[in-house]
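J.: Could you have a look at this structure, given as structure tokens, before my questions?
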Amino acid sequence: MAAEGNPVRAITITPLVAKSARRVDVPPPQPAPGEVTVRVVRVGICGTDFEILRGALGEAPAGEDRLVLGHESLGVVEGVVGGVSGLAAGDYVVATVRRPDGCPNCTAGESDMCLWGDFTERGIKRAHGFLTELYSEKPEFLVKVPPELADVAVLLEPLSVVEKAVEQAFLIQRRLRWEPKRALVLGAGAIGLLATALLRLRGLETFTLARSGGDSAAGRAAAALGGAYVSAVGRPLEELRQSLGRFDFILEATGSSAVASHALPALATNGVMCLVGVYSSNRVQELPVDSLYSDLVQGNKVVFGSVNAGRRYFEKGIEDLREARSRWPGVIERFISRRLPLERFEEVTARSPGDIKTVIEL
Ligand code: BGC
């Protein structure tokens, strides 16, 4: 059946083909009854997108050979087809990313904890993304955003990932009496800086370690959040570890397995470390595994991974975005360091060292 309405602009890629991104016209969404049509305002680009753009990740919907990119979005409700959705035209919304398969966890509303792995992810795996003018979606996958947060709400999806990681770490630590004081965040992209903000909101002394200099946008942002920014420029990981001491909580968001394994011994007794990076370099490392494992055992330490985030973490993210803005006016906004109109999407991969988060404006 031919789609009704005018075609809409979109960025699509051929999965697993590097440099295949194209600006194309695609058929407009055909919302099913009860679905909501959303006009996209802007879309954030993250490490996962860069992996897709370099041909290392991504899957088109069944029967198609191209995938509409984009999973970090902000949009405005354009219309609702029948049914009651709790959403009205003009509402700002952010869409969640993962869509359930039929596994028990997905069925219970926790598709971020999917057991079967048959989920789809919009803009990543077998479902079109949001880097297009219009999309349609079931209301249960749309999170309403207060208008006063609209300028930063494109950060809500990455923030949800951090909310989940931090909440899970604190839940895991209910295994013991735990009073965390020092946290280490590895990486100062949007995920690292959002983690820095959350941990500062929770009152932890937070160190954010990254590759750029202290006078970089990321370094200044981390400092503005009351965190200590540690530049890794010209400093071997081993030396950094010795000078920084130990941490109750470590969040690894660089996606470098070398950084992750070097950081492991920096975990304090009874500490917890969470990995959220995309590790795809196929690096083979020689590691002192006996001493690493023995240290985990003797120190009662936990290392865990966390991916994606369900709706409740988006909702928690809205509360924290509000709190972060009132505590550090003008700082969260700076995480959006580059804005490109859709017409200039080609420039997205030409990143400057100071770039934290590039967004594409529709
Ligand atoms: C997204 C998650 C997603 C993950 C793996 C991340 O960039 O934020 O929602 O689950 O990629 O595909």
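Order determines the names: the first chain of the structure tokens is A, the second B, and so forth; residues in each chain are numbered 1 upward, and ligands are numbered 1 upward as they are shown.
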For the structure I just gave you, how does DSSP split region 71-307 of chain A - specifically, which residues are helix (DSSP H, G or I)? Reply as an mmCIF file with N, CA and C atoms, in the first residue's frame.
T.:
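selection_6.cif was written with the following content:
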```
data_model
loop_
_atom_site.group_PDB
_atom_site.id
_atom_site.type_symbol
_atom_site.label_atom_id
_atom_site.label_comp_id
_atom_site.auth_asym_id
_atom_site.auth_seq_id
_atom_site.Cartn_x
_atom_site.Cartn_y
_atom_site.Cartn_z
ATOM 1 N N PRO A 104 9.969 -12.692 29.292
ATOM 2 C CA PRO A 104 9.300 -12.331 30.543
ATOM 3 C C PRO A 104 9.658 -10.917 31.018
ATOM 4 N N ASN A 105 10.922 -10.516 30.862
ATOM 5 C CA ASN A 105 11.296 -9.181 31.335
ATOM 6 C C ASN A 105 10.671 -8.083 30.484
ATOM 7 N N CYS A 106 10.709 -8.272 29.158
ATOM 8 C CA CYS A 106 10.078 -7.289 28.275
ATOM 9 C C CYS A 106 8.588 -7.199 28.588
ATOM 10 N N THR A 107 7.964 -8.363 28.798
ATOM 11 C CA THR A 107 6.534 -8.391 29.068
ATOM 12 C C THR A 107 6.217 -7.657 30.369
ATOM 13 N N SER A 111 12.200 -3.925 29.152
ATOM 14 C CA SER A 111 12.892 -4.383 27.943
ATOM 15 C C SER A 111 14.373 -4.034 27.983
ATOM 16 N N ASP A 112 14.766 -3.098 28.858
ATOM 17 C CA ASP A 112 16.205 -2.829 28.991
ATOM 18 C C ASP A 112 16.908 -4.007 29.665
ATOM 19 N N MET A 113 16.141 -4.916 30.230
ATOM 20 C CA MET A 113 16.699 -6.116 30.857
ATOM 21 C C MET A 113 16.280 -7.360 30.074
ATOM 22 N N PRO A 139 1.993 5.653 22.434
ATOM 23 C CA PRO A 139 2.197 6.602 23.538
ATOM 24 C C PRO A 139 3.025 6.031 24.693
ATOM 25 N N GLU A 140 2.944 4.712 24.908
ATOM 26 C CA GLU A 140 3.701 4.134 26.040
ATOM 27 C C GLU A 140 5.209 4.301 25.881
ATOM 28 N N PHE A 141 5.663 4.583 24.649
ATOM 29 C CA PHE A 141 7.105 4.762 24.431
ATOM 30 C C PHE A 141 7.503 6.236 24.323
ATOM 31 N N PRO A 147 7.850 21.977 29.086
ATOM 32 C CA PRO A 147 8.407 22.917 28.101
ATOM 33 C C PRO A 147 9.666 23.630 28.583
ATOM 34 N N GLU A 148 9.768 23.865 29.890
ATOM 35 C CA GLU A 148 10.957 24.612 30.374
ATOM 36 C C GLU A 148 12.241 23.794 30.249
ATOM 37 N N LEU A 149 12.099 22.493 29.976
ATOM 38 C CA LEU A 149 13.313 21.677 29.790
ATOM 39 C C LEU A 149 13.579 21.369 28.314
ATOM 40 N N ALA A 153 16.332 18.810 26.627
ATOM 41 C CA ALA A 153 15.699 17.480 26.728
ATOM 42 C C ALA A 153 16.235 16.463 25.729
ATOM 43 N N VAL A 154 16.969 16.918 24.706
ATOM 44 C CA VAL A 154 17.574 15.957 23.780
ATOM 45 C C VAL A 154 18.651 15.129 24.524
ATOM 46 N N LEU A 155 19.038 15.614 25.705
ATOM 47 C CA LEU A 155 20.005 14.871 26.531
ATOM 48 C C LEU A 155 19.332 13.810 27.395
ATOM 49 N N LEU A 156 18.009 13.740 27.327
ATOM 50 C CA LEU A 156 17.298 12.839 28.246
ATOM 51 C C LEU A 156 17.602 11.368 27.982
ATOM 52 N N GLU A 157 17.748 10.984 26.721
ATOM 53 C CA GLU A 157 18.031 9.563 26.452
ATOM 54 C C GLU A 157 19.403 9.164 27.019
ATOM 55 N N PRO A 158 20.492 9.878 26.691
ATOM 56 C CA PRO A 158 21.752 9.507 27.352
ATOM 57 C C PRO A 158 21.666 9.602 28.878
ATOM 58 N N LEU A 159 20.927 10.599 29.366
ATOM 59 C CA LEU A 159 20.787 10.706 30.824
ATOM 60 C C LEU A 159 20.091 9.473 31.400
ATOM 61 N N SER A 160 19.108 8.938 30.663
ATOM 62 C CA SER A 160 18.397 7.756 31.173
ATOM 63 C C SER A 160 19.353 6.579 31.346
ATOM 64 N N VAL A 161 20.313 6.465 30.433
ATOM 65 C CA VAL A 161 21.310 5.389 30.509
ATOM 66 C C VAL A 161 22.147 5.541 31.794
ATOM 67 N N VAL A 162 22.488 6.796 32.105
ATOM 68 C CA VAL A 162 23.274 7.072 33.306
ATOM 69 C C VAL A 162 22.427 6.864 34.566
ATOM 70 N N GLU A 163 21.163 7.305 34.495
ATOM 71 C CA GLU A 163 20.259 7.105 35.645
ATOM 72 C C GLU A 163 20.197 5.625 36.008
ATOM 73 N N LYS A 164 20.054 4.798 34.963
ATOM 74 C CA LYS A 164 19.956 3.358 35.219
ATOM 75 C C LYS A 164 21.258 2.840 35.837
ATOM 76 N N ALA A 165 22.385 3.205 35.240
ATOM 77 C CA ALA A 165 23.680 2.710 35.734
ATOM 78 C C ALA A 165 23.879 3.076 37.200
ATOM 79 N N VAL A 166 23.580 4.330 37.533
ATOM 80 C CA VAL A 166 23.804 4.794 38.911
ATOM 81 C C VAL A 166 22.806 4.125 39.861
ATOM 82 N N GLU A 167 21.561 4.057 39.433
ATOM 83 C CA GLU A 167 20.571 3.424 40.317
ATOM 84 C C GLU A 167 20.913 1.959 40.568
ATOM 85 N N GLN A 168 21.312 1.264 39.509
ATOM 86 C CA GLN A 168 21.653 -0.155 39.673
ATOM 87 C C GLN A 168 22.858 -0.316 40.592
ATOM 88 N N ALA A 169 23.834 0.569 40.451
ATOM 89 C CA ALA A 169 25.017 0.473 41.322
ATOM 90 C C ALA A 169 24.602 0.634 42.782
ATOM 91 N N PHE A 170 23.770 1.622 43.047
ATOM 92 C CA PHE A 170 23.340 1.854 44.431
ATOM 93 C C PHE A 170 22.473 0.700 44.935
ATOM 94 N N LEU A 171 21.664 0.111 44.039
ATOM 95 C CA LEU A 171 20.853 -1.045 44.450
ATOM 96 C C LEU A 171 21.747 -2.236 44.779
ATOM 97 N N ILE A 172 22.747 -2.476 43.929
ATOM 98 C CA ILE A 172 23.674 -3.583 44.177
ATOM 99 C C ILE A 172 24.339 -3.403 45.545
ATOM 100 N N GLN A 173 24.664 -2.167 45.850
ATOM 101 C CA GLN A 173 25.404 -1.911 47.083
ATOM 102 C C GLN A 173 24.545 -2.029 48.336
ATOM 103 N N ARG A 174 23.254 -2.290 48.147
ATOM 104 C CA ARG A 174 22.438 -2.549 49.333
ATOM 105 C C ARG A 174 22.801 -3.906 49.934
ATOM 106 N N ARG A 175 23.759 -4.586 49.276
ATOM 107 C CA ARG A 175 24.259 -5.851 49.820
ATOM 108 C C ARG A 175 25.067 -5.626 51.095
ATOM 109 N N ALA A 190 29.029 13.338 26.678
ATOM 110 C CA ALA A 190 27.759 13.645 27.346
ATOM 111 C C ALA A 190 27.476 12.655 28.476
ATOM 112 N N ILE A 191 27.740 11.363 28.234
ATOM 113 C CA ILE A 191 27.470 10.364 29.279
ATOM 114 C C ILE A 191 28.325 10.655 30.524
ATOM 115 N N GLY A 192 29.614 10.900 30.311
ATOM 116 C CA GLY A 192 30.505 11.158 31.440
ATOM 117 C C GLY A 192 30.097 12.406 32.211
ATOM 118 N N LEU A 193 29.735 13.466 31.486
ATOM 119 C CA LEU A 193 29.371 14.706 32.174
ATOM 120 C C LEU A 193 28.006 14.589 32.857
ATOM 121 N N LEU A 194 27.088 13.874 32.218
ATOM 122 C CA LEU A 194 25.787 13.667 32.873
ATOM 123 C C LEU A 194 25.962 12.820 34.134
ATOM 124 N N ALA A 195 26.863 11.844 34.063
ATOM 125 C CA ALA A 195 27.152 11.030 35.254
ATOM 126 C C ALA A 195 27.778 11.906 36.338
ATOM 127 N N THR A 196 28.677 12.787 35.928
ATOM 128 C CA THR A 196 29.299 13.698 36.894
ATOM 129 C C THR A 196 28.218 14.520 37.601
ATOM 130 N N ALA A 197 27.264 15.031 36.812
ATOM 131 C CA ALA A 197 26.184 15.838 37.396
ATOM 132 C C ALA A 197 25.361 15.005 38.387
ATOM 133 N N LEU A 198 24.992 13.797 37.998
ATOM 134 C CA LEU A 198 24.163 12.960 38.889
ATOM 135 C C LEU A 198 24.884 12.626 40.179
ATOM 136 N N LEU A 199 26.160 12.306 40.053
ATOM 137 C CA LEU A 199 26.913 11.919 41.254
ATOM 138 C C LEU A 199 27.147 13.125 42.161
ATOM 139 N N ARG A 200 27.319 14.291 41.554
ATOM 140 C CA ARG A 200 27.437 15.518 42.357
ATOM 141 C C ARG A 200 26.112 15.813 43.059
ATOM 142 N N LEU A 201 24.996 15.583 42.339
ATOM 143 C CA LEU A 201 23.683 15.785 42.975
ATOM 144 C C LEU A 201 23.523 14.851 44.169
ATOM 145 N N ALA A 217 36.108 22.434 26.824
ATOM 146 C CA ALA A 217 34.699 22.641 27.206
ATOM 147 C C ALA A 217 34.281 21.602 28.243
ATOM 148 N N ALA A 218 34.716 20.365 28.031
ATOM 149 C CA ALA A 218 34.329 19.301 28.965
ATOM 150 C C ALA A 218 34.969 19.528 30.334
ATOM 151 N N GLY A 219 36.230 19.920 30.328
ATOM 152 C CA GLY A 219 36.933 20.166 31.584
ATOM 153 C C GLY A 219 36.272 21.287 32.371
ATOM 154 N N ARG A 220 35.912 22.350 31.667
ATOM 155 C CA ARG A 220 35.266 23.483 32.344
ATOM 156 C C ARG A 220 33.886 23.087 32.858
ATOM 157 N N ALA A 221 33.179 22.271 32.062
ATOM 158 C CA ALA A 221 31.830 21.855 32.490
ATOM 159 C C ALA A 221 31.916 20.987 33.742
ATOM 160 N N ALA A 222 32.863 20.042 33.753
ATOM 161 C CA ALA A 222 32.999 19.166 34.932
ATOM 162 C C ALA A 222 33.316 20.010 36.172
ATOM 163 N N ALA A 223 34.194 20.996 36.000
ATOM 164 C CA ALA A 223 34.557 21.844 37.141
ATOM 165 C C ALA A 223 33.366 22.684 37.598
ATOM 166 N N ALA A 224 32.569 23.161 36.619
ATOM 167 C CA ALA A 224 31.400 23.965 36.974
ATOM 168 C C ALA A 224 30.379 23.152 37.770
ATOM 169 N N LEU A 237 48.294 5.841 32.218
ATOM 170 C CA LEU A 237 47.184 5.415 33.069
ATOM 171 C C LEU A 237 47.663 4.955 34.440
ATOM 172 N N GLU A 238 48.802 4.262 34.452
ATOM 173 C CA GLU A 238 49.330 3.734 35.703
ATOM 174 C C GLU A 238 49.658 4.865 36.686
ATOM 175 N N GLU A 239 50.273 5.909 36.143
ATOM 176 C CA GLU A 239 50.648 7.043 37.003
ATOM 177 C C GLU A 239 49.389 7.749 37.529
ATOM 178 N N LEU A 240 48.381 7.884 36.624
ATOM 179 C CA LEU A 240 47.123 8.520 37.027
ATOM 180 C C LEU A 240 46.490 7.747 38.176
ATOM 181 N N ARG A 241 46.499 6.416 38.037
ATOM 182 C CA ARG A 241 45.844 5.604 39.053
ATOM 183 C C ARG A 241 46.507 5.794 40.419
ATOM 184 N N GLN A 242 47.823 5.818 40.385
ATOM 185 C CA GLN A 242 48.523 5.958 41.665
ATOM 186 C C GLN A 242 48.280 7.314 42.294
ATOM 187 N N SER A 243 48.182 8.346 41.455
ATOM 188 C CA SER A 243 48.032 9.673 42.059
ATOM 189 C C SER A 243 46.588 9.936 42.506
ATOM 190 N N LEU A 244 45.623 9.237 41.918
ATOM 191 C CA LEU A 244 44.224 9.557 42.250
ATOM 192 C C LEU A 244 43.681 8.799 43.448
ATOM 193 N N SER A 257 38.648 -0.457 26.387
ATOM 194 C CA SER A 257 38.853 -1.576 27.313
ATOM 195 C C SER A 257 40.163 -1.418 28.068
ATOM 196 N N ALA A 258 41.135 -0.729 27.460
ATOM 197 C CA ALA A 258 42.409 -0.501 28.157
ATOM 198 C C ALA A 258 42.173 0.385 29.371
ATOM 199 N N VAL A 259 41.391 1.445 29.178
ATOM 200 C CA VAL A 259 41.078 2.337 30.304
ATOM 201 C C VAL A 259 40.305 1.559 31.367
ATOM 202 N N ALA A 260 39.328 0.759 30.917
ATOM 203 C CA ALA A 260 38.500 0.007 31.867
ATOM 204 C C ALA A 260 39.361 -0.927 32.708
ATOM 205 N N SER A 261 40.246 -1.678 32.068
ATOM 206 C CA SER A 261 41.006 -2.636 32.876
ATOM 207 C C SER A 261 42.069 -1.953 33.731
ATOM 208 N N HIS A 262 42.605 -0.829 33.286
ATOM 209 C CA HIS A 262 43.542 -0.101 34.135
ATOM 210 C C HIS A 262 42.855 0.491 35.354
ATOM 211 N N ALA A 263 41.562 0.820 35.186
ATOM 212 C CA ALA A 263 40.850 1.484 36.285
ATOM 213 C C ALA A 263 40.421 0.500 37.363
ATOM 214 N N LEU A 264 40.307 -0.763 36.993
ATOM 215 C CA LEU A 264 39.778 -1.759 37.923
ATOM 216 C C LEU A 264 40.469 -1.741 39.297
ATOM 217 N N PRO A 265 41.807 -1.714 39.326
ATOM 218 C CA PRO A 265 42.451 -1.710 40.642
ATOM 219 C C PRO A 265 42.215 -0.412 41.430
ATOM 220 N N ALA A 266 41.630 0.601 40.792
ATOM 221 C CA ALA A 266 41.362 1.846 41.517
ATOM 222 C C ALA A 266 40.067 1.751 42.324
ATOM 223 N N VAL A 289 45.570 -11.182 35.336
ATOM 224 C CA VAL A 289 44.226 -11.568 35.787
ATOM 225 C C VAL A 289 44.211 -12.161 37.196
ATOM 226 N N ASP A 290 45.270 -12.860 37.579
ATOM 227 C CA ASP A 290 45.250 -13.418 38.937
ATOM 228 C C ASP A 290 45.167 -12.308 39.977
ATOM 229 N N SER A 291 45.984 -11.281 39.766
ATOM 230 C CA SER A 291 45.950 -10.220 40.780
ATOM 231 C C SER A 291 44.645 -9.414 40.669
ATOM 232 N N LEU A 292 44.121 -9.244 39.450
ATOM 233 C CA LEU A 292 42.852 -8.520 39.302
ATOM 234 C C LEU A 292 41.714 -9.288 39.989
ATOM 235 N N TYR A 293 41.627 -10.588 39.719
ATOM 236 C CA TYR A 293 40.542 -11.391 40.301
ATOM 237 C C TYR A 293 40.696 -11.514 41.810
ATOM 238 N N SER A 294 41.932 -11.701 42.226
ATOM 239 C CA SER A 294 42.178 -11.851 43.650
ATOM 240 C C SER A 294 41.773 -10.564 44.389
ATOM 241 N N ASP A 295 42.070 -9.425 43.748
ATOM 242 C CA ASP A 295 41.705 -8.133 44.330
ATOM 243 C C ASP A 295 40.179 -7.990 44.416
ATOM 244 N N LEU A 296 39.463 -8.502 43.392
ATOM 245 C CA LEU A 296 37.995 -8.466 43.438
ATOM 246 C C LEU A 296 37.495 -9.306 44.614
ATOM 247 N N VAL A 297 38.082 -10.479 44.757
ATOM 248 C CA VAL A 297 37.645 -11.387 45.824
ATOM 249 C C VAL A 297 37.970 -10.802 47.190
ATOM 250 N N GLN A 298 39.223 -10.442 47.383
ATOM 251 C CA GLN A 298 39.655 -9.979 48.701
ATOM 252 C C GLN A 298 38.990 -8.654 49.090
#
```
J.: Might you pull out every residue within 7 Å of Thr14 (chain A), with only C-alpha atoms counted and same-chain residues fewer than 5 positions away left off, and present them as an mmCIF file with C-alpha atoms, in the first residue's frame?
T.:
```cif
data_model
loop_
_atom_site.group_PDB
_atom_site.id
_atom_site.type_symbol
_atom_site.label_atom_id
_atom_site.label_comp_id
_atom_site.auth_asym_id
_atom_site.auth_seq_id
_atom_site.Cartn_x
_atom_site.Cartn_y
_atom_site.Cartn_z
ATOM 1 C CA SER A 20 26.814 5.110 3.729
ATOM 2 C CA ASP A 65 18.052 -2.456 3.314
ATOM 3 C CA ARG A 66 18.406 0.977 4.873
ATOM 4 C CA LEU A 67 17.953 2.220 8.420
#
```
J.: At a cut-off of 8 Å around ligand 1, and using only C-alpha atoms and all ligand atoms, what residues come up? Please write them as a list of chain:residue names.
T.: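 So the residues close to ligand 1 are A:Cys46, A:Gly47, A:Thr48, A:Asp49, A:His71, A:Glu72, A:Thr96, A:Val97, A:Arg98, A:Asp112, A:Glu121, A:Ile124, A:Lys125, A:Glu157, A:Pro158, A:Val161, A:Val278, A:Val307, A:Asn308, A:Ala309.
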J.: Write a file of the selected residues as an mmCIF file, in the first residue's frame, keeping N, CA and C atoms.
T.:
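Okay, result.cif is ready:
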```cif
data_model
loop_
_atom_site.group_PDB
_atom_site.id
_atom_site.type_symbol
_atom_site.label_atom_id
_atom_site.label_comp_id
_atom_site.auth_asym_id
_atom_site.auth_seq_id
_atom_site.Cartn_x
_atom_site.Cartn_y
_atom_site.Cartn_z
ATOM 1 N N CYS A 46 25.532 10.092 19.221
ATOM 2 C CA CYS A 46 26.379 9.560 20.298
ATOM 3 C C CYS A 46 27.369 8.535 19.756
ATOM 4 N N GLY A 47 28.102 7.918 20.658
ATOM 5 C CA GLY A 47 29.103 6.917 20.288
ATOM 6 C C GLY A 47 28.504 5.770 19.491
ATOM 7 N N THR A 48 27.319 5.346 19.870
ATOM 8 C CA THR A 48 26.651 4.265 19.133
ATOM 9 C C THR A 48 26.413 4.690 17.681
ATOM 10 N N ASP A 49 25.981 5.942 17.486
ATOM 11 C CA ASP A 49 25.754 6.432 16.114
ATOM 12 C C ASP A 49 27.058 6.447 15.321
ATOM 13 N N HIS A 71 18.613 7.935 17.704
ATOM 14 C CA HIS A 71 17.815 7.402 18.809
ATOM 15 C C HIS A 71 17.724 8.360 19.988
ATOM 16 N N GLU A 72 18.439 9.495 19.937
ATOM 17 C CA GLU A 72 18.334 10.493 21.010
ATOM 18 C C GLU A 72 17.526 11.652 20.440
ATOM 19 N N THR A 96 11.550 6.651 24.065
ATOM 20 C CA THR A 96 12.495 5.637 24.537
ATOM 21 C C THR A 96 13.029 4.916 23.292
ATOM 22 N N VAL A 97 14.023 4.054 23.454
ATOM 23 C CA VAL A 97 14.712 3.479 22.297
ATOM 24 C C VAL A 97 14.328 2.023 22.033
ATOM 25 N N ARG A 98 14.291 1.234 23.092
ATOM 26 C CA ARG A 98 14.134 -0.208 22.902
ATOM 27 C C ARG A 98 12.657 -0.606 22.850
ATOM 28 N N ASP A 112 14.766 -3.098 28.858
ATOM 29 C CA ASP A 112 16.205 -2.829 28.991
ATOM 30 C C ASP A 112 16.908 -4.007 29.665
ATOM 31 N N GLU A 121 15.650 -1.798 18.479
ATOM 32 C CA GLU A 121 15.999 -0.486 19.031
ATOM 33 C C GLU A 121 15.878 0.541 17.925
ATOM 34 N N ILE A 124 18.811 1.884 15.699
ATOM 35 C CA ILE A 124 19.990 1.042 15.925
ATOM 36 C C ILE A 124 19.766 -0.362 15.363
ATOM 37 N N LYS A 125 18.692 -0.983 15.802
ATOM 38 C CA LYS A 125 18.516 -2.405 15.501
ATOM 39 C C LYS A 125 17.100 -2.705 15.011
ATOM 40 N N GLU A 157 17.748 10.984 26.721
ATOM 41 C CA GLU A 157 18.031 9.563 26.452
ATOM 42 C C GLU A 157 19.403 9.164 27.019
ATOM 43 N N PRO A 158 20.492 9.878 26.691
ATOM 44 C CA PRO A 158 21.752 9.507 27.352
ATOM 45 C C PRO A 158 21.666 9.602 28.878
ATOM 46 N N VAL A 161 20.313 6.465 30.433
ATOM 47 C CA VAL A 161 21.310 5.389 30.509
ATOM 48 C C VAL A 161 22.147 5.541 31.794
ATOM 49 N N VAL A 278 30.823 1.495 24.689
ATOM 50 C CA VAL A 278 30.690 0.598 23.535
ATOM 51 C C VAL A 278 32.108 0.085 23.263
ATOM 52 N N VAL A 307 23.067 -1.415 30.110
ATOM 53 C CA VAL A 307 22.748 -0.930 28.764
ATOM 54 C C VAL A 307 21.303 -0.449 28.704
ATOM 55 N N ASN A 308 21.089 0.543 27.871
ATOM 56 C CA ASN A 308 19.738 1.021 27.599
ATOM 57 C C ASN A 308 19.059 1.460 28.904
ATOM 58 N N ALA A 309 17.810 1.897 28.812
ATOM 59 C CA ALA A 309 17.079 2.324 30.007
ATOM 60 C C ALA A 309 15.600 2.341 29.710
#
```
J.: In Å, rounded to a single decimal, give me how far CA of Leu204 (chain A) is from CA of Gly189 (chain A).
T.: 19.4 Å
J.: Tell me which protein, DNA and RNA residues are within 8 Å of Phe304 (chain A), counting only C-alpha atoms, leaving out same-chain ones fewer than 3 positions away, and put them as a short mmCIF file (atom, residue, chain, number, x, y, z; two decimals) with N, CA, C and O atoms, in the first residue's frame.
T.:
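out-v3.cif, freshly written:
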```
data_model
loop_
_atom_site.label_atom_id
_atom_site.label_comp_id
_atom_site.auth_asym_id
_atom_site.auth_seq_id
_atom_site.Cartn_x
_atom_site.Cartn_y
_atom_site.Cartn_z
N VAL A 272 32.07 -0.57 43.73
CA VAL A 272 31.31 -1.07 42.58
C VAL A 272 31.71 -0.27 41.33
O VAL A 272 31.89 0.94 41.39
N MET A 273 31.88 -1.00 40.24
CA MET A 273 32.24 -0.35 38.98
C MET A 273 31.23 -0.74 37.91
O MET A 273 30.87 -1.91 37.79
N CYS A 274 30.77 0.26 37.17
CA CYS A 274 29.79 -0.01 36.13
C CYS A 274 30.37 0.36 34.76
O CYS A 274 30.95 1.43 34.59
N LEU A 275 30.23 -0.53 33.80
CA LEU A 275 30.69 -0.27 32.43
C LEU A 275 29.48 0.07 31.55
O LEU A 275 28.50 -0.68 31.53
#
```
J.: With a distance cut-off of 10 Å and only C-alpha atoms, select the neighbouring residues of Thr37 (chain A), excluding the residue or stretch itself and same-chain residues fewer than 6 positions from it, and output the selection as a VMD selection string.
T.: chain A and resid 28 to 31 75 to 81 89 134 to 139
J.: Need to verify the contact set: region 338-347 of chain A, 7 Å, only C-alpha atoms, exclusion of same-chain residues closer than 4 positions in sequence. Can you return it as a list in words?
T.: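 Once the adjacent positions are removed, what remains is Asp355, Lys357, Thr358, Val359, Ile360, Glu361 and Leu362 of chain A.
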J.: Write to file, as a tab-separated table (two decimals), in the first residue's frame, the residues of the selection just made, with C-alpha atoms.
T.:
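File out.tsv, as written:
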```
chain	number	residue	atom	x	y	z
A	355	ASP	CA	32.93	18.53	21.08
A	357	LYS	CA	27.43	16.44	22.09
A	358	THR	CA	26.52	17.24	18.51
A	359	VAL	CA	22.83	17.64	17.79
A	360	ILE	CA	21.12	17.76	14.43
A	361	GLU	CA	18.44	20.43	14.17
A	362	LEU	CA	15.38	19.54	12.11
```
J.: Could you tell me how far CA of Glu110 (chain A) sits from CA of Asp320 (chain A), in Å to one decimal place?
T.: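 So the two atoms, CA of Asp320 (chain A) and CA of Glu110 (chain A), lie 21.2 Å apart.
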J.: Quick one: of A:Ile11, A:Ile250, A:Val233, A:Cys103, who's nearest to Glu133 (chain A), counting only C-alpha atoms?
T.: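 Among A:Ile11, A:Ile250, A:Val233, A:Cys103, it is A:Ile11 that comes nearest to Glu133 (chain A).
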J.: Region 198-286 of chain A: which residues are strand (DSSP E) by DSSP, as a PyMOL selection string?
T.: chain A and resi 205-210+228-231+247-252+267-275
J.: Would you mind exporting the chosen residues as a PDB file, in the first residue's frame, restricted to C-alpha atoms?
T.:
```pdb
ATOM      1  CA  GLU A 205      33.240  13.911  45.511  1.00  0.00           C
ATOM      2  CA  THR A 206      33.559  13.260  41.794  1.00  0.00           C
ATOM      3  CA  PHE A 207      36.631  13.002  39.580  1.00  0.00           C
ATOM      4  CA  THR A 208      36.078  13.055  35.831  1.00  0.00           C
ATOM      5  CA  LEU A 209      38.971  11.744  33.806  1.00  0.00           C
ATOM      6  CA  ALA A 210      39.232  12.300  30.061  1.00  0.00           C
ATOM      7  CA  ALA A 228      37.458  17.624  39.755  1.00  0.00           C
ATOM      8  CA  TYR A 229      38.472  17.301  36.115  1.00  0.00           C
ATOM      9  CA  VAL A 230      41.546  15.177  35.538  1.00  0.00           C
ATOM     10  CA  SER A 231      43.173  15.529  32.148  1.00  0.00           C
ATOM     11  CA  PHE A 247      37.075   5.121  44.516  1.00  0.00           C
ATOM     12  CA  ASP A 248      33.853   3.712  45.958  1.00  0.00           C
ATOM     13  CA  PHE A 249      32.158   3.956  42.580  1.00  0.00           C
ATOM     14  CA  ILE A 250      33.648   3.976  39.080  1.00  0.00           C
ATOM     15  CA  LEU A 251      31.635   4.594  35.948  1.00  0.00           C
ATOM     16  CA  GLU A 252      33.450   3.665  32.736  1.00  0.00           C
ATOM     17  CA  LEU A 267      38.175   0.416  42.985  1.00  0.00           C
ATOM     18  CA  ALA A 268      38.106   0.730  46.773  1.00  0.00           C
ATOM     19  CA  THR A 269      37.315  -2.153  49.110  1.00  0.00           C
ATOM     20  CA  ASN A 270      33.577  -3.024  48.784  1.00  0.00           C
ATOM     21  CA  GLY A 271      33.371  -0.747  45.743  1.00  0.00           C
ATOM     22  CA  VAL A 272      31.315  -1.065  42.578  1.00  0.00           C
ATOM     23  CA  MET A 273      32.241  -0.349  38.980  1.00  0.00           C
ATOM     24  CA  CYS A 274      29.788  -0.009  36.126  1.00  0.00           C
ATOM     25  CA  LEU A 275      30.686  -0.275  32.426  1.00  0.00           C
TER      26      LEU A 275
END
```
J.: Just the residues within 7 Å of Arg23 (chain A), please, counting only C-alpha atoms, with nothing from its chain fewer than 4 positions along; format it as JSON, numbers by chain.
T.: {"A": [9, 10, 11, 12]}
J.: Would you compute the distance between CA of Phe130 (chain A) and CA of Ala62 (chain A)? Give it in Å to one decimal.
T.: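 These atoms are spaced 17.6 Å apart.
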J.: Name the closest residue to Leu87 (chain A) among the candidates A:Gly102, A:Gly129, A:Gly234, A:Gly34; distances are taken between atoms, counting only C-alpha atoms.
T.: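 Under the stated criterion, the closest residue is A:Gly34.
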J.: Smallest atom-to-atom distance to Asp118 (chain A): which of A:Arg22, A:Lys301, A:Arg99, A:Lys181, using only C-alpha atoms?
T.: A:Arg99
J.: Go through A:Glu59, A:Glu51, A:Glu35, A:Glu64 and flag the residue nearest Pro15 (chain A), using only C-alpha atoms for the distances.
T.: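 Selected residue with least distance to Pro15 (chain A): A:Glu59.
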